[in-house]
Structure formats: structure tokens, C-alpha cells
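Asker: I'm passing along data-v2.txt; it holds compact mmCIF, C-alpha atoms.
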# COMPACT_ATOMS: atom_id res chain seq x y z
CA MET A 1417 82.02 122.25 128.71
CA ALA A 1418 78.97 122.33 126.50
CA GLY A 1419 78.59 120.85 123.03
CA SER A 1420 78.60 124.40 121.68
CA ASN A 1421 82.35 124.59 122.50
CA LEU A 1422 83.12 122.06 119.77
CA PRO A 1423 83.75 124.61 116.99
CA SER A 1424 86.11 126.73 119.13
CA GLN A 1425 88.36 123.81 120.16
CA ALA A 1426 89.71 120.84 118.30
CA PRO A 1427 87.61 117.77 119.16
CA SER A 1428 90.72 115.91 120.32
CA GLU A 1429 91.40 118.66 122.89
CA ILE A 1430 87.83 118.44 124.16
CA LEU A 1431 88.00 114.66 124.45
CA ARG A 1432 91.35 114.84 126.22
CA GLU A 1433 89.94 117.35 128.73
CA LEU A 1434 86.82 115.27 129.26
CA LEU A 1435 88.88 112.13 129.91
CA ALA A 1436 90.95 114.04 132.44
CA ARG A 1437 87.77 115.08 134.23
CA VAL A 1438 86.34 111.56 133.99
CA SER A 1439 89.51 110.23 135.63
CA THR A 1440 88.57 112.26 138.72
CA GLY A 1441 85.12 110.65 138.80
CA GLU A 1442 83.18 113.55 137.30
CA THR A 1443 79.93 112.06 136.01
CA ARG A 1444 78.90 115.16 134.05
CA ALA A 1445 82.13 114.94 132.02
CA PHE A 1446 81.49 111.25 131.43
CA ALA A 1447 77.95 111.98 130.17
CA GLU A 1448 79.32 114.59 127.79
CA LEU A 1449 82.07 112.25 126.60
CA HIS A 1450 79.44 109.58 125.99
CA THR A 1451 77.26 111.98 124.00
CA LEU A 1452 80.15 113.20 121.84
CA THR A 1453 81.64 109.79 121.03
CA ARG A 1454 78.80 107.24 121.11
CA GLY A 1455 78.01 107.39 117.39
CA ARG A 1456 81.57 107.09 116.20
CA LEU A 1457 82.42 104.34 118.69
CA GLY A 1458 79.28 102.47 117.63
CA ARG A 1459 80.53 102.54 114.06
CA THR A 1460 83.86 101.16 115.31
CA ALA A 1461 82.04 98.19 116.85
CA LEU A 1462 80.17 97.60 113.58
CA ALA A 1463 83.41 97.79 111.59
CA VAL A 1464 84.84 94.95 113.67
CA GLY A 1465 81.88 92.81 112.65
CA ALA A 1466 79.49 93.19 115.57
CA ALA A 1467 75.83 92.72 114.77
CA PRO A 1468 73.82 95.95 114.94
CA HIS A 1469 71.67 94.52 117.75
CA ASP A 1470 74.81 93.87 119.84
CA VAL A 1471 76.33 97.35 119.53
CA ASP A 1472 74.52 98.78 122.58
CA ASP A 1473 75.86 95.97 124.80
CA ILE A 1474 79.37 96.40 123.42
CA LEU A 1475 79.23 100.16 123.96
CA GLN A 1476 77.96 99.73 127.50
CA ASP A 1477 80.87 97.43 128.34
CA SER A 1478 83.29 99.74 126.55
CA PHE A 1479 82.14 102.90 128.30
CA LEU A 1480 82.41 101.12 131.63
CA LYS A 1481 86.03 100.28 130.77
CA ILE A 1482 86.63 103.89 129.69
CA TRP A 1483 85.16 105.12 133.01
CA ARG A 1484 87.33 102.74 135.03
CA ASN A 1485 90.53 103.36 133.07
CA ALA A 1486 90.31 107.07 132.23
CA ALA A 1487 93.22 107.80 134.59
CA ARG A 1488 95.41 105.49 132.48
CA PHE A 1489 94.84 107.52 129.31
CA ASP A 1490 98.11 109.09 128.11
CA SER A 1491 97.63 111.76 125.45
CA GLY A 1492 101.32 111.47 124.63
CA ARG A 1493 100.83 107.94 123.36
CA ALA A 1494 97.58 108.27 121.40
CA PRO A 1495 94.73 110.68 120.73
CA ALA A 1496 91.69 110.25 122.98
CA MET A 1497 89.47 108.92 120.18
CA ALA A 1498 92.08 106.36 119.16
CA TRP A 1499 92.41 105.18 122.76
CA MET A 1500 88.64 104.82 123.18
CA SER A 1501 88.28 103.19 119.75
CA ALA A 1502 90.87 100.57 120.75
CA ILE A 1503 88.83 99.79 123.86
CA VAL A 1504 85.66 99.42 121.78
CA ARG A 1505 87.43 97.33 119.15
CA ASN A 1506 88.84 94.94 121.74
CA THR A 1507 85.52 94.72 123.56
CA ALA A 1508 83.73 93.96 120.27
CA ILE A 1509 86.29 91.27 119.40
CA ASP A 1510 85.85 89.70 122.84
CA HIS A 1511 82.07 89.83 122.36
CA LEU A 1512 82.36 88.10 118.97
CA ARG A 1513 84.56 85.38 120.45
CA THR A 1514 82.06 84.58 123.18
CA ARG A 1515 79.27 84.40 120.59
CA ARG A 1516 81.21 81.80 118.62
CA GLN A 1517 81.67 79.48 121.57
CA PRO A 1518 79.64 76.29 121.29
CA SER A 1519 76.43 76.42 123.25
CA VAL A 1520 75.26 72.83 122.82
CA GLU A 1521 76.08 70.26 125.47
CA LEU A 1522 78.47 67.52 124.42
CA GLU A 1523 75.92 64.72 124.91
CA LYS A 1524 73.43 66.43 122.61
CA ALA A 1525 76.11 66.97 120.01
CA LEU A 1526 77.17 63.33 120.13
CA ALA A 1527 73.56 62.18 119.82
CA VAL A 1528 73.17 63.85 116.42
CA ALA A 1529 73.39 61.22 113.71
CA ALA A 1530 76.10 61.70 111.11
CA ASP A 1531 74.88 62.50 107.61
CA ALA A 1532 75.23 59.61 105.21
CA ALA A 1533 75.46 61.92 102.20
CA PRO A 1534 78.59 64.05 101.87
CA SER A 1535 78.09 67.78 102.12
CA PRO A 1536 78.74 70.03 99.11
CA THR A 1537 81.92 71.19 100.86
CA GLU A 1538 83.20 67.61 101.11
CA GLU A 1539 82.55 67.06 97.39
CA PHE A 1540 84.26 70.30 96.31
CA ASP A 1541 87.68 69.90 94.70
CA PHE A 1542 89.69 72.45 96.67
CA ALA A 1543 93.00 71.31 95.17
CA GLY A 1544 91.69 71.91 91.65
CA ALA A 1545 90.11 75.24 92.54
CA GLU A 1546 93.20 76.74 94.19
CA PRO A 1547 95.22 77.38 91.00
CA VAL A 1548 92.12 78.82 89.32
CA ALA A 1549 91.56 81.24 92.21
CA ARG A 1550 95.26 82.16 92.37
CA GLY A 1551 95.22 82.89 88.64
CA ALA A 1552 92.14 85.07 88.93
CA LEU A 1553 93.68 87.01 91.80
CA ALA A 1554 96.97 87.38 89.90
CA ARG A 1555 95.12 89.00 87.00
CA LEU A 1556 93.72 91.73 89.26
CA PRO A 1557 95.39 95.16 89.36
CA GLU A 1558 97.94 95.34 92.19
CA ASP A 1559 95.87 97.73 94.35
CA ARG A 1560 92.77 95.50 94.17
CA ARG A 1561 94.78 92.35 94.85
CA ARG A 1562 96.30 94.07 97.89
CA LEU A 1563 92.85 95.24 99.04
CA VAL A 1564 91.43 91.71 98.84
CA ALA A 1565 94.44 90.25 100.65
CA LEU A 1566 94.21 92.79 103.47
CA ALA A 1567 90.44 92.37 103.85
CA TYR A 1568 90.01 88.63 103.49
CA LEU A 1569 93.36 87.08 104.32
CA GLU A 1570 94.58 89.45 107.03
CA GLY A 1571 91.14 90.38 108.39
CA GLU A 1572 91.65 94.14 108.27
CA SER A 1573 88.45 96.07 108.99
CA ARG A 1574 86.72 98.20 106.37
CA ALA A 1575 87.40 101.29 108.49
CA SER A 1576 91.12 100.51 108.63
CA LEU A 1577 91.18 99.91 104.88
CA SER A 1578 89.39 103.23 104.41
CA ARG A 1579 92.18 105.03 106.25
CA ARG A 1580 94.90 103.04 104.49
CA PHE A 1581 93.55 103.74 100.98
CA GLY A 1582 92.32 107.27 101.79
CA VAL A 1583 88.72 106.72 100.67
CA PRO A 1584 85.36 106.42 102.48
CA VAL A 1585 84.31 103.08 103.99
CA GLY A 1586 81.46 102.85 101.47
CA THR A 1587 83.98 103.04 98.62
CA ILE A 1588 86.03 100.22 100.19
CA LYS A 1589 82.88 98.07 100.42
CA THR A 1590 82.06 98.81 96.78
CA TRP A 1591 85.60 98.04 95.62
CA LEU A 1592 85.62 94.75 97.52
CA HIS A 1593 82.20 93.75 96.22
CA ARG A 1594 83.11 94.55 92.61
CA THR A 1595 86.52 92.90 92.87
CA ILE A 1596 85.05 89.68 94.27
CA LEU A 1597 82.49 89.65 91.44
CA VAL A 1598 85.33 89.98 88.90
CA VAL A 1599 87.28 87.16 90.58
CA ARG A 1600 84.18 84.95 90.69
CA LYS A 1601 83.40 85.59 87.01
CA ASP A 1602 87.03 84.89 86.07
CA CYS A 1603 87.06 81.65 88.08
CA LEU A 1604 83.80 80.44 86.54
CA ALA A 1605 85.03 81.24 83.02
CA THR A 1606 88.30 79.38 83.64
CA MET A 1607 86.47 76.35 85.08
CA ALA A 1608 84.02 76.30 82.15
CA ALA A 1609 86.90 76.43 79.65
CA ALA A 1610 88.70 73.53 81.34
Write the structure described by the file as C-alpha cells, please.

Answerer:
Amino acid sequence: MAGSNLPSQAPSEILRELLARVSTGETRAFAELHTLTRGRLGRTALAVGAAPHDVDDILQDSFLKIWRNAARFDSGRAPAMAWMSAIVRNTAIDHLRTRRQPSVELEKALAVAADAAPSPTEEFDFAGAEPVARGALARLPEDRRRLVALAYLEGESRASLSRRFGVPVGTIKTWLHRTILVVRKDCLATMAAA
């Protein structure tokens, strides 16, 4: 099945057929599957929050899982791309978790002297800022308030928000950026007036 067959068949049909062939150990089908999906799956890893320099490692691990588990793919439960995207997403999340694990030995950490001066975070009045932030968020239009809540409170990816709101990922990023600027400006104005 050559790449030139893409226009004559729906991509989901091609991917489903390739996964079926991969499940039998056919390396040529796996190479073709890799070629057809690598770019989109790489964007999935980035959407989860993976650093661009880590995407190749995440994809390598993901494609190995796809190779090993192709026989478990059930087209009745999900489209092929959704199944592979879930594998990439989970692999990227696992990768991010391992990156966040402390890498300094306990003795070295205990040897670090405590700062005598409080950090800016310790000096910040969170209790006083909360009602200001809530007020600024309440003044947003409902769709923007929902977008901010999904993105920053529930951790929904930009790609998922793009599908939910029916707009490109770039538009979601722009909306979030502009909305946060409005909230920030509102908060600063409220604090200055107080």
C-alpha cells in the first residue's frame, strides 16, 4: 500500500489496514504507518507539553508500544489515529512525570542552607489576591471563562480545546493569551484602585 493510495481511501481505512498488517509482524506496513502518522503524533506529544527536543524519544517509545500492541487494536472501539494518539499522549505524560522527579541526592539537598530572606512567593498575599482574581474571571464572557477553566484548572490540552471549540489550535492559544492579558490588566487595575 503506497502513499499514493491515500486519496482513493479514507486515511482511517488505510491506518486500520496497516495496523492489521503490523499485528502480523509486517515491518513494511509498520514503516508505512510510521511515515503516515509521525508528524501528527509528534504534534500530539507537543500538545501534552513535551519539549520539542524530547518528541523523538517519546515517539520512539510510542511506536514501539504500537508495534507490540497492534493486535490489541479494535476498530470498533476507536479509530486507528485516536488509538495511536492515546498511546503517544500517555507515553508523553509518563515522560513528563519522570522528568519532574527529583534528581538531587537527599544529602545534597539537606546541605543547602535555607534562605534568610523570604521569597517573593512567601511575601505575596494570596488571600487578598483571590477575590480580585475571581472578580476578574467573573467579568469575562462565559466562553472565555470556560476556556480558561478548562485549560488552566482542568489541564485540558490545546488540541483538545481546539476540537471542543471547533477552531484551530493557534486560535485557542491566541484566545488564551489575550484572555489572560485581560484578566491580568483587570486584576492590576482593581489592586491599584484598592

Asker: Hey, can you check how far CA of Gln1476 (chain A) sits from CA of Ala1508 (chain A)?

Answerer: 10.9 Å

Asker: Of the residues A:Asn1485, A:Asn1506, A:Ser1578, A:Thr1443, which is the one nearest to Leu1457 (chain A), using all atoms listed in the file?

Answerer: A:Asn1506

Asker: Hey, which of A:Gly1544, A:Thr1453, A:Pro1584, A:Thr1595 ends up closest to Arg1562 (chain A)? Count all atoms listed in the file.

Answerer: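 Closest candidate: A:Thr1595.
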
Asker: With only C-alpha atoms as the atoms that count, which of A:Leu1563, A:Leu1449, A:Ile1474, A:Ala1608 lies nearest to Thr1587 (chain A)?

Answerer: A:Leu1563

Asker: Pick from A:Asp1541, A:Glu1442, A:Leu1431, A:Asp1470: nearest to Met1500 (chain A), with all atoms listed in the file counted?

Answerer: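 Between A:Asp1541, A:Glu1442, A:Leu1431, A:Asp1470, the residue approaching Met1500 (chain A) most closely is A:Leu1431.
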
Asker: What does the structure give for the distance between CA of Trp1499 (chain A) and CA of Gly1458 (chain A), in Å to one decimal?

Answerer: 14.4 Å

Asker: I need the residue nearest Ser1428 (chain A) from this list: A:Gly1441, A:Pro1547, A:Pro1495, A:Pro1557. Use only C-alpha atoms for the distance.

Answerer: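 Using only C-alpha atoms, the shortest distance to Ser1428 (chain A) belongs to A:Pro1495.
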
Asker: Find the residues near Gly1586 (chain A): any atom within 12 Å, counting all atoms listed in the file, skip ones fewer than 5 places away on the same chain, and give them as a PyMOL selection string.

Answerer: chain A and resi 1463+1574-1575+1577-1579+1591-1593

Asker: Tell me, in Å to one decimal, how far CA of Ala1487 (chain A) is from CA of Ser1439 (chain A).

Answerer: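 Straight-line distance from CA of Ala1487 (chain A) to CA of Ser1439 (chain A) works out to 4.6 Å.
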
Asker: Measuring between all atoms listed in the file, which one of A:Thr1440, A:Thr1514, A:Ser1491, A:Val1464 shows the shortest distance to Ser1573 (chain A)?

Answerer: A:Val1464

Asker: Got a sec: who's within 12 Å of Arg1600 (chain A), counting all atoms listed in the file, leaving out chain neighbours fewer than 2 positions off, as a list in words?

Answerer: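 Once the nearby chain positions are removed, what remains is Ala1545, Val1548, Ala1549, Arg1550, Gly1551, Ala1552, Leu1553, Leu1556, His1593, Arg1594, Thr1595, Ile1596, Leu1597, Val1598, Asp1602, Cys1603, Leu1604, Ala1605, Thr1606 and Met1607 of chain A.
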